[in-house]
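Q: Before I ask anything, here is the structure I am working with.
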There are 2 protein chains.
Amino acid sequence: MTTTAELRAVAETYWSAADARDWDAFAATLADEVLYELPQARERIRGKDRYLRFNREHPGARRVRVERVVADGEGRQAAVRTRFTVGAEELHAIHFFVFDAAGRISGITDFWPEPYEPPAGRDHLVERY
Amino acid sequence: MTTTAELRAVAETYWSAADARDWDAFAATLADEVLYELPQARERIRGKDRYLRFNREHPGARRVRVERVVADGEGRQAAVRTRFTVGAEELHAIHFFVFDAAGRISGITDFWPEPYEPPAGRDHLVERY
């Protein structure tokens with residue numbers, strides 16, 4: 001069963017477990033053959049064991065909270081916006097998940113968009129916040 | 001009515017119209033009070049008229065194709081991954097949509113993640129592509 005509500009719950013467990021560094025709960029959300037991709041760096045990690053090591057070994061303390069979950073039961077996929085706190089820095093992150101028939105995460109694609117200064121010439125339409 | 005299939009269709013029309021610079025078809029997907037946000041630049045545009053001008057006035061030729069649509073009928077929201085071609089450059093973009101009760105887009109949040117070199121120390125887990 002993979003209803004929209006179930007996919008949402010799995011995505012939320014993934015992030016609460018990551019934030020708590022509860023790697024057993026984190027691992028329970030993952031399919032054995034999970035494929036992780038980071039298109040900005042063109043990096044890929046194959047399989048749950050390696051992906052768990054990647055997370056455990058990640059240097060530095062960081063906290064994460066979920067801002068939005070878009071869960072698509074029909075498409076068996078989800079997209080999540082998070083905010084990471086790393087020291088004094090706040091980062092945006094975006095994550096696309098694909099789920100297997102058992103509702104485990106079989107594909108993860110992460111994006112890390114960075115702040116930038118807006119181009120000139122659109123002040124008449126745009127406000128800053 | 002705003003089923004998952006309907007939200008998906010609106011998101012796809014938004015992008016096919018943007019790619020074709022068909023601003024009438026594009027406008028038809030938008031709520032009058034649409035709010036556009038670009039968190040990386042902390043920019044915000046309020047209302048359909050301004051948002052249409054922002055798109056019409058955007059300098060330079062660009063093409064866009066949809067890579068993935070995550071549509072959430074229950075949450076009345078969607079997330080879309082696209083690839084933009086601007087001259088010789090290929091860019092990733094990610095878009096979060098919120099819909100009103102009529103199925104028109106009332107909120108858009110865009111992200112433009114840029115390529116970067118991976119940090120050292122994880123070659124034992126990661127492959128490049």
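How things are named: the first chain in the structure tokens is A, the next is B, and so on; residues count from 1 in each chain; ligands count from 1 in the order shown.
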Could you write out chain A as a CSV table (one decimal) with C-alpha atoms, in the first residue's frame once it has been least-squares superposed on chain B using every ordered C-alpha pair?

A:
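Saved file superposed-v1.csv follows:
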```csv
chain,number,residue,atom,x,y,z
A,1,MET,CA,-12.2,20.0,-8.8
A,2,THR,CA,-8.5,19.6,-8.2
A,3,THR,CA,-7.6,15.9,-8.6
A,4,THR,CA,-4.0,14.8,-8.8
A,5,ALA,CA,-4.4,14.4,-12.6
A,6,GLU,CA,-5.9,17.9,-13.0
A,7,LEU,CA,-3.1,19.5,-11.1
A,8,ARG,CA,-0.6,17.6,-13.2
A,9,ALA,CA,-2.3,18.8,-16.4
A,10,VAL,CA,-2.2,22.5,-15.2
A,11,ALA,CA,1.5,22.2,-14.3
A,12,GLU,CA,2.2,20.7,-17.7
A,13,THR,CA,0.2,23.4,-19.5
A,14,TYR,CA,2.1,26.1,-17.5
A,15,TRP,CA,5.4,24.8,-18.8
A,16,SER,CA,4.5,24.0,-22.4
A,17,ALA,CA,3.0,27.5,-22.6
A,18,ALA,CA,6.1,29.1,-21.1
A,19,ASP,CA,8.3,27.2,-23.6
A,20,ALA,CA,6.2,28.3,-26.5
A,21,ARG,CA,5.9,31.9,-25.1
A,22,ASP,CA,2.2,31.5,-25.4
A,23,TRP,CA,1.3,34.1,-22.8
A,24,ASP,CA,-2.5,33.7,-23.1
A,25,ALA,CA,-2.3,29.9,-22.4
A,26,PHE,CA,0.2,30.7,-19.6
A,27,ALA,CA,-2.0,33.3,-18.0
A,28,ALA,CA,-5.0,30.9,-18.0
A,29,THR,CA,-3.1,28.7,-15.5
A,30,LEU,CA,-2.7,31.5,-13.0
A,31,ALA,CA,-4.9,32.9,-10.3
A,32,ASP,CA,-5.3,36.7,-10.3
A,33,GLU,CA,-3.6,37.0,-6.9
A,34,VAL,CA,-0.7,34.6,-7.7
A,35,LEU,CA,2.4,35.1,-5.5
A,36,TYR,CA,5.8,34.3,-7.0
A,37,GLU,CA,8.8,33.8,-4.7
A,38,LEU,CA,12.5,33.2,-5.4
A,39,PRO,CA,14.0,32.4,-2.0
A,40,GLN,CA,17.7,32.4,-3.3
A,41,ALA,CA,17.4,36.0,-4.3
A,42,ARG,CA,14.7,36.9,-1.7
A,43,GLU,CA,12.5,38.3,-4.5
A,44,ARG,CA,8.8,38.3,-4.6
A,45,ILE,CA,6.2,39.3,-7.2
A,46,ARG,CA,2.6,39.9,-6.4
A,47,GLY,CA,-0.3,39.4,-8.8
A,48,LYS,CA,-0.9,37.9,-12.3
A,49,ASP,CA,-0.2,41.2,-14.2
A,50,ARG,CA,3.2,41.7,-12.8
A,51,TYR,CA,4.1,38.1,-13.0
A,52,LEU,CA,3.1,38.0,-16.7
A,53,ARG,CA,5.3,41.1,-17.4
A,54,PHE,CA,8.2,39.4,-15.5
A,55,ASN,CA,8.0,36.5,-17.9
A,56,ARG,CA,7.4,38.4,-21.1
A,57,GLU,CA,10.2,40.9,-20.3
A,58,HIS,CA,12.7,38.2,-19.4
A,59,PRO,CA,15.7,38.8,-21.6
A,60,GLY,CA,17.2,36.1,-23.9
A,61,ALA,CA,15.9,33.0,-25.6
A,62,ARG,CA,15.3,30.0,-23.5
A,63,ARG,CA,13.7,26.6,-23.8
A,64,VAL,CA,12.3,24.5,-21.0
A,65,ARG,CA,11.3,20.9,-20.7
A,66,VAL,CA,9.7,19.1,-17.8
A,67,GLU,CA,11.6,16.2,-16.2
A,68,ARG,CA,9.3,15.2,-13.4
A,69,VAL,CA,5.9,16.3,-12.0
A,70,VAL,CA,4.9,15.4,-8.4
A,71,ALA,CA,1.2,16.2,-8.1
A,72,ASP,CA,-0.6,16.1,-4.7
A,73,GLY,CA,-4.3,16.4,-5.1
A,74,GLU,CA,-5.0,16.1,-1.4
A,75,GLY,CA,-2.6,18.9,-0.5
A,76,ARG,CA,-3.6,20.9,-3.6
A,77,GLN,CA,0.1,21.4,-4.5
A,78,ALA,CA,2.8,20.1,-6.9
A,79,ALA,CA,6.5,20.1,-7.4
A,80,VAL,CA,8.2,20.1,-10.8
A,81,ARG,CA,11.7,19.5,-12.0
A,82,THR,CA,12.7,21.2,-15.3
A,83,ARG,CA,15.8,21.6,-17.5
A,84,PHE,CA,16.3,25.0,-19.0
A,85,THR,CA,18.4,25.5,-22.1
A,86,VAL,CA,19.8,29.1,-22.3
A,87,GLY,CA,22.2,29.4,-25.2
A,88,ALA,CA,24.7,26.6,-24.8
A,89,GLU,CA,24.0,26.2,-21.1
A,90,GLU,CA,21.7,23.6,-19.4
A,91,LEU,CA,20.2,24.5,-16.1
A,92,HIS,CA,18.3,22.6,-13.4
A,93,ALA,CA,15.3,24.3,-12.0
A,94,ILE,CA,12.7,23.2,-9.4
A,95,HIS,CA,9.3,24.7,-8.9
A,96,PHE,CA,6.7,24.4,-6.1
A,97,PHE,CA,3.1,25.2,-7.0
A,98,VAL,CA,0.1,25.8,-4.8
A,99,PHE,CA,-3.4,25.8,-6.4
A,100,ASP,CA,-6.6,27.5,-5.5
A,101,ALA,CA,-10.0,25.7,-5.2
A,102,ALA,CA,-10.6,26.3,-9.0
A,103,GLY,CA,-7.3,24.6,-9.8
A,104,ARG,CA,-5.4,27.8,-10.8
A,105,ILE,CA,-1.9,28.4,-9.6
A,106,SER,CA,-1.9,30.8,-6.6
A,107,GLY,CA,1.7,30.3,-5.4
A,108,ILE,CA,5.0,29.6,-7.2
A,109,THR,CA,8.4,29.1,-5.5
A,110,ASP,CA,11.4,28.7,-7.9
A,111,PHE,CA,14.8,27.3,-7.1
A,112,TRP,CA,17.9,27.4,-9.4
A,113,PRO,CA,20.6,25.0,-8.0
A,114,GLU,CA,24.0,25.5,-9.6
A,115,PRO,CA,26.7,22.9,-10.4
A,116,TYR,CA,29.5,22.5,-7.8
A,117,GLU,CA,32.6,20.3,-7.2
A,118,PRO,CA,32.0,17.6,-4.6
A,119,PRO,CA,33.8,17.9,-1.3
A,120,ALA,CA,36.8,15.5,-0.7
A,121,GLY,CA,36.7,12.4,1.5
A,122,ARG,CA,33.7,10.5,0.2
A,123,ASP,CA,35.2,8.8,-2.9
A,124,HIS,CA,34.9,5.4,-1.2
A,125,LEU,CA,31.1,5.7,-1.2
A,126,VAL,CA,30.4,7.9,-4.3
A,127,GLU,CA,30.7,7.5,-8.0
A,128,ARG,CA,30.7,10.5,-10.5
A,129,TYR,CA,28.5,10.6,-13.5
```

Q: In chain A, what's helix (DSSP H, G or I) per DSSP? Answer as a VMD selection string?

A: chain A and resid 4 to 20 23 to 27 48 to 56

Q: Write out as a PyMOL selection string all residues of stretch 29-93 of chain A that DSSP puts in strand (DSSP E) for this structure's backbone.

A: chain A and resi 30-38+43-46+63-72+77-86+89-93
